[in-house]
Protein chains: 2
Amino acid sequence: MSALVEIPARRGRAARVAAGRHVRVVNTHGTQVIDTWAFAARDPSEWMSMEASRASFLRLAAAVGDTFVTNRRRPILTLVEDSSRCAHDTLIAPCDPERYGLLGVAGYHDNCRDNLHAGLAELGVSVPATPPSLNMFMNIPWTPDGQLAWGEPVSAPGSYALWRAEMDLVIAFSACPQDILPINGRSGRTVEGHFAIE
Amino acid sequence: MSALVEIPARRGRAARVAAGRHVRVVNTHGTQVIDTWAFAARDPSEWMSMEASRASFLRLAAAVGDTFVTNRRRPILTLVEDSSRCAHDTLIAPCDPERYGLLGVAGYHDNCRDNLHAGLAELGVSVPATPPSLNMFMNIPWTPDGQLAWGEPVSAPGSYALWRAEMDLVIAFSACPQDILPINGRSGRTVEGHFAIE
């Protein structure tokens, strides 16, 4: 196994992954949502698409064995193993400065959108928009009549999801700094996560 | 009521709508999915966001009274009335050439992505990506465990949804040319829809 790389609390990090390699994303403390994006290495305007992926695997959230696809319908990441007990959310937008304004925050608040673009910039990558994110370890339950809720974390410390890269790609993570809604726990404590390329 | 404007079968059409006006979208034959997008008139890189809207109204599909928001979390369209009996889908990507390739179509097939950009181009508008669409009259049922399915149409001919513009905006429609999956009916017949600005 490769060394674990930290996704610092409230920050973003990105990495290049070759086709066929695996990415292990570890919920180190069991409470931390990791917003995740993936882009084709050869052209980052091709990105992992939540809406095309749901149309492909026909589920609100991926099951082990399901493959996410890009906005050009090409396979990009397959969920190979998952010890987290969590249906990684595909429905909810990454947080952004405007979101925190609506939640009553005055002034700047760390946010996943800025973390995405900062993480990519460290690799010299820029993208023309903010795609919908795959919200790993984020518990957004639905009811039979389609109501959603901000669930609390349900993963054990150290649990992980293992993904296979289906193309050469850039993966980007944000350790979500949401400390108002309970998605990272009611305490508002936001912490680091880890990943490894294997 | 203003005159009805045709959204031609398998084609796109866009229009400018001032804040406070209403847009009536009519399912003329009762069977036709109308993929819909909306963009801020002053800056079309601000668009109606399915992922931010679900986070706002906390439902898989909007109810009457719910407001869709943009990728900057600003209100853009409110569902004011709905006679269609249909939970307008927010989950599934608009169709595109690659999708039809995967469905076995050889050569070009009309598609909602191209219809979006062609409709906008007639107004001199271009956008840097294809946002997730609001799929009006599209019946995508979910099960309690999160499985999705390609439902058949459930709206009556002439049924409509009425929307209020919450900002000056550009609205774009595509009469979805999907004739392989049953979302426009098992016959594969794709037809026109209509809209009016009131």
# chains A, B, ... in the order shown; residues from 1 in each chain; ligands from 1
>>> residues_around(residues="region 110-120 of chain A", least_positions_apart="5", cutoff="6 Å", atoms="only C-alpha atoms", output="VMD selection string")
chain A and resid 11 to 14 94 to 96 125 174 176 to 177
>>> closest_atom_pairs(of="chain B", to="chain A", cutoff="7 Å", atoms="only C-alpha atoms", output="CSV")
residue,atom,partner,partner_atom,distance
B:Glu51,CA,A:Ala93,CA,4.6
B:Ala52,CA,A:Ala93,CA,4.9
B:Arg54,CA,A:Ile92,CA,6.5
B:Ala55,CA,A:Ile92,CA,5.5
B:Leu58,CA,A:Leu148,CA,4.9
B:Arg59,CA,A:Gln147,CA,4.4
B:Leu60,CA,A:Gly146,CA,5.1
B:Arg72,CA,A:Glu98,CA,6.2
B:Arg73,CA,A:Glu98,CA,6.3
B:Leu91,CA,A:Glu51,CA,5.8
B:Ile92,CA,A:Glu51,CA,4.9
B:Ala93,CA,A:Glu51,CA,4.6
B:Glu98,CA,A:Arg72,CA,6.2
B:Arg99,CA,A:Arg73,CA,6.6
B:Pro128,CA,A:Pro128,CA,6.5
B:Pro132,CA,A:Glu51,CA,6.6
B:Thr143,CA,A:Pro144,CA,6.7
B:Pro144,CA,A:Pro144,CA,4.9
B:Gly146,CA,A:Leu60,CA,5.1
B:Gln147,CA,A:Arg59,CA,4.4
B:Leu148,CA,A:Leu58,CA,4.9
B:Ala149,CA,A:Leu58,CA,6.6
>>> residues_around(residues="Thr78 (chain B)", least_positions_apart="6", cutoff="9 Å", atoms="only C-alpha atoms", output="list in words")
Val64, Gly65, Asp66, Thr67, Phe68, Val69, Leu162, Trp163, Arg164, Ala165 and Glu166 of chain B
>>> select_by_dssp(residues="region 19-185 of chain A", states="alpha helix (DSSP H)", output="PyMOL selection string")
chain A and resi 50-57+97-102+112-122
>>> write_last_selection(atoms="N, CA and C atoms", output="PDB file, in the first residue's frame")
ATOM      1  N   MET A  50     -22.324  13.428 -11.940  1.00  0.00           N
ATOM      2  CA  MET A  50     -23.306  12.744 -11.082  1.00  0.00           C
ATOM      3  C   MET A  50     -24.551  12.392 -11.883  1.00  0.00           C
ATOM      4  N   GLU A  51     -25.006  13.317 -12.747  1.00  0.00           N
ATOM      5  CA  GLU A  51     -26.260  13.100 -13.462  1.00  0.00           C
ATOM      6  C   GLU A  51     -26.130  12.009 -14.538  1.00  0.00           C
ATOM      7  N   ALA A  52     -24.974  11.937 -15.185  1.00  0.00           N
ATOM      8  CA  ALA A  52     -24.772  10.852 -16.162  1.00  0.00           C
ATOM      9  C   ALA A  52     -24.519   9.526 -15.447  1.00  0.00           C
ATOM     10  N   SER A  53     -23.887   9.574 -14.285  1.00  0.00           N
ATOM     11  CA  SER A  53     -23.613   8.335 -13.538  1.00  0.00           C
ATOM     12  C   SER A  53     -24.904   7.724 -12.995  1.00  0.00           C
ATOM     13  N   ARG A  54     -25.782   8.564 -12.442  1.00  0.00           N
ATOM     14  CA  ARG A  54     -27.070   8.014 -11.981  1.00  0.00           C
ATOM     15  C   ARG A  54     -27.828   7.381 -13.146  1.00  0.00           C
ATOM     16  N   ALA A  55     -27.738   8.007 -14.329  1.00  0.00           N
ATOM     17  CA  ALA A  55     -28.414   7.450 -15.516  1.00  0.00           C
ATOM     18  C   ALA A  55     -27.777   6.142 -15.937  1.00  0.00           C
ATOM     19  N   SER A  56     -26.513   5.935 -15.584  1.00  0.00           N
ATOM     20  CA  SER A  56     -25.808   4.716 -15.956  1.00  0.00           C
ATOM     21  C   SER A  56     -26.075   3.588 -14.971  1.00  0.00           C
ATOM     22  N   PHE A  57     -25.880   3.845 -13.669  1.00  0.00           N
ATOM     23  CA  PHE A  57     -26.084   2.734 -12.717  1.00  0.00           C
ATOM     24  C   PHE A  57     -27.486   2.715 -12.126  1.00  0.00           C
ATOM     25  N   PRO A  97     -19.139  29.918  -0.953  1.00  0.00           N
ATOM     26  CA  PRO A  97     -19.293  31.106  -0.106  1.00  0.00           C
ATOM     27  C   PRO A  97     -20.741  31.570   0.023  1.00  0.00           C
ATOM     28  N   GLU A  98     -21.496  31.517  -1.076  1.00  0.00           N
ATOM     29  CA  GLU A  98     -22.880  31.978  -1.018  1.00  0.00           C
ATOM     30  C   GLU A  98     -23.712  31.121  -0.064  1.00  0.00           C
ATOM     31  N   ARG A  99     -23.402  29.827  -0.024  1.00  0.00           N
ATOM     32  CA  ARG A  99     -24.122  28.921   0.862  1.00  0.00           C
ATOM     33  C   ARG A  99     -23.950  29.339   2.320  1.00  0.00           C
ATOM     34  N   TYR A 100     -22.721  29.697   2.680  1.00  0.00           N
ATOM     35  CA  TYR A 100     -22.480  30.097   4.071  1.00  0.00           C
ATOM     36  C   TYR A 100     -23.124  31.453   4.364  1.00  0.00           C
ATOM     37  N   GLY A 101     -23.175  32.310   3.365  1.00  0.00           N
ATOM     38  CA  GLY A 101     -23.911  33.558   3.559  1.00  0.00           C
ATOM     39  C   GLY A 101     -25.362  33.293   3.912  1.00  0.00           C
ATOM     40  N   LEU A 102     -25.997  32.333   3.194  1.00  0.00           N
ATOM     41  CA  LEU A 102     -27.393  31.999   3.476  1.00  0.00           C
ATOM     42  C   LEU A 102     -27.551  31.342   4.845  1.00  0.00           C
ATOM     43  N   CYS A 112     -15.971  24.073  -0.017  1.00  0.00           N
ATOM     44  CA  CYS A 112     -15.506  23.009  -0.920  1.00  0.00           C
ATOM     45  C   CYS A 112     -15.260  23.524  -2.337  1.00  0.00           C
ATOM     46  N   ARG A 113     -16.054  24.483  -2.792  1.00  0.00           N
ATOM     47  CA  ARG A 113     -15.819  24.983  -4.149  1.00  0.00           C
ATOM     48  C   ARG A 113     -14.439  25.614  -4.275  1.00  0.00           C
ATOM     49  N   ASP A 114     -14.096  26.485  -3.352  1.00  0.00           N
ATOM     50  CA  ASP A 114     -12.768  27.096  -3.417  1.00  0.00           C
ATOM     51  C   ASP A 114     -11.673  26.047  -3.202  1.00  0.00           C
ATOM     52  N   ASN A 115     -11.939  25.062  -2.330  1.00  0.00           N
ATOM     53  CA  ASN A 115     -10.945  24.005  -2.104  1.00  0.00           C
ATOM     54  C   ASN A 115     -10.689  23.196  -3.374  1.00  0.00           C
ATOM     55  N   LEU A 116     -11.751  22.928  -4.127  1.00  0.00           N
ATOM     56  CA  LEU A 116     -11.582  22.224  -5.406  1.00  0.00           C
ATOM     57  C   LEU A 116     -10.628  22.982  -6.311  1.00  0.00           C
ATOM     58  N   HIS A 117     -10.910  24.237  -6.530  1.00  0.00           N
ATOM     59  CA  HIS A 117     -10.118  24.980  -7.509  1.00  0.00           C
ATOM     60  C   HIS A 117      -8.700  25.232  -6.994  1.00  0.00           C
ATOM     61  N   ALA A 118      -8.542  25.387  -5.681  1.00  0.00           N
ATOM     62  CA  ALA A 118      -7.195  25.550  -5.126  1.00  0.00           C
ATOM     63  C   ALA A 118      -6.391  24.259  -5.254  1.00  0.00           C
ATOM     64  N   GLY A 119      -7.028  23.139  -4.988  1.00  0.00           N
ATOM     65  CA  GLY A 119      -6.337  21.854  -5.124  1.00  0.00           C
ATOM     66  C   GLY A 119      -5.901  21.609  -6.559  1.00  0.00           C
ATOM     67  N   LEU A 120      -6.789  21.892  -7.501  1.00  0.00           N
ATOM     68  CA  LEU A 120      -6.431  21.714  -8.917  1.00  0.00           C
ATOM     69  C   LEU A 120      -5.310  22.665  -9.321  1.00  0.00           C
ATOM     70  N   ALA A 121      -5.366  23.890  -8.821  1.00  0.00           N
ATOM     71  CA  ALA A 121      -4.351  24.877  -9.210  1.00  0.00           C
ATOM     72  C   ALA A 121      -2.953  24.417  -8.809  1.00  0.00           C
ATOM     73  N   GLU A 122      -2.853  23.691  -7.699  1.00  0.00           N
ATOM     74  CA  GLU A 122      -1.533  23.178  -7.282  1.00  0.00           C
ATOM     75  C   GLU A 122      -0.955  22.202  -8.302  1.00  0.00           C
TER      76      GLU A 122
END
>>> atom_distance(atom1="CA of Leu181 (chain B)", atom2="CA of Gly104 (chain B)")
11.7 Å
>>> atom_distance(atom1="CA of Leu134 (chain A)", atom2="CA of His88 (chain B)")
22.5 Å
>>> atom_distance(atom1="CA of Gln32 (chain A)", atom2="CA of Gln178 (chain A)")
9.6 Å
>>> select_by_dssp(residues="region 96-168 of chain A", states="strand (DSSP E)", output="count of residues only")
10
>>> residues_around(residues="His194 (chain B)", least_positions_apart="3", cutoff="12 Å", atoms="only C-alpha atoms", output="VMD selection string")
chain B and resid 2 to 9 11 to 14 23 to 30 32 to 34 157 to 161 173 to 175 191 197
